[in-house]
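> Submitted below is the structure of interest, expressed as structure tokens.
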Amino acid sequence: METTKIFFITFFAALVGVIPPGLINMSVAKTCIQRGRKSGTWVAIGASVVVFFQAWIAIQLARYIFYNPFYHNMLLRTGVVIFLLMGIYFFVRARKRKTDTKLKEHGETRSFFKGAMISVLNVLPIPYFCALGAGLNVSGTVNYNLANIWAFIIAAMLGTFATLYVYVISSIKIVHKTAIVNKYSNYFMAWLMMLLLVIALLRMLLGGI
């Protein structure tokens, strides 16, 4: 019963956590628009597989070192550097002129590793799932045995993929109607990285709240 509860709570938490526009879901949508539905789906799969490992790291942190301010601040500082670099990257790409707008699908392997790399660069799921894992054990009665840990990390992966696949379907429906999305998507991603950078800095200044 406890394992089932952990699975469903984590699944819906992961599902809801990816709904707001962010690095991963906007990358999936952008890939669908530029490369096709198949490529976007494999990006989503690659990202979800990495979330599996991020959830495992998070549950270990929740069990041992979540309340250690040093590790919490290190995660935030890592996020600041990543968001800054990614913001610069997308801004530079947005400034480049593209002469070929023909839709070309990437191979499955290339798209998979693209999603995995983007998910690796995005450190936000780790503190998110870490907080969730700690929250589930707020009463001190949850026993994170092997079955519960597996339920937690599998639910995190499946919940993430469920939302990302919705982005795949939604993006394909508007691919021929919103060419402006493709034109300005890199600018949007650059501003998104800057917003996440500001949020991470504020959390650092406010003591990691």
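By convention here, the chains of the structure tokens are called A, B, ... in the order presented, each chain's residues are numbered starting at 1, and ligands are numbered starting at 1 in the order presented.
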Would you list the contacts of range 51-57 of chain A as a ChimeraX atom specification, taking every protein, DNA or RNA residue within 6 Å and counting only C-alpha atoms, but skipping same-chain residues closer than 3 positions in sequence?
/A:48,60,126,153,157
> From the options A:Leu85, A:Ile24, A:Ala162, A:Ile154, which residue's atoms come nearest to Ser119 in chain A, counting only C-alpha atoms?
A:Ile24
> Just the residues within 9 Å of Phe113 in chain A, please, counting only C-alpha atoms, with nothing from its chain fewer than 5 positions along; format it as a compact mmCIF listing (two decimals) with N, CA, C and O atoms, in the first residue's frame.

# COMPACT_ATOMS: atom_id res chain seq x y z
N TRP A 42 11.79 10.91 -29.41
CA TRP A 42 13.04 10.33 -28.92
C TRP A 42 13.79 11.28 -28.00
O TRP A 42 14.48 10.84 -27.08
N VAL A 43 13.65 12.58 -28.23
CA VAL A 43 14.22 13.54 -27.28
C VAL A 43 13.54 13.40 -25.93
O VAL A 43 14.19 13.41 -24.87
N GLY A 46 14.82 10.22 -24.25
CA GLY A 46 16.16 10.42 -23.71
C GLY A 46 16.15 11.24 -22.43
O GLY A 46 16.84 10.91 -21.45
N ALA A 47 15.35 12.30 -22.42
CA ALA A 47 15.25 13.14 -21.23
C ALA A 47 14.65 12.37 -20.06
O ALA A 47 15.09 12.51 -18.91
N GLU A 108 17.16 8.21 -34.58
CA GLU A 108 16.67 7.90 -33.24
C GLU A 108 17.77 8.07 -32.19
O GLU A 108 17.54 8.65 -31.12
N ILE A 118 20.33 17.31 -22.73
CA ILE A 118 19.57 18.45 -22.22
C ILE A 118 19.09 18.18 -20.80
O ILE A 118 19.14 19.04 -19.93
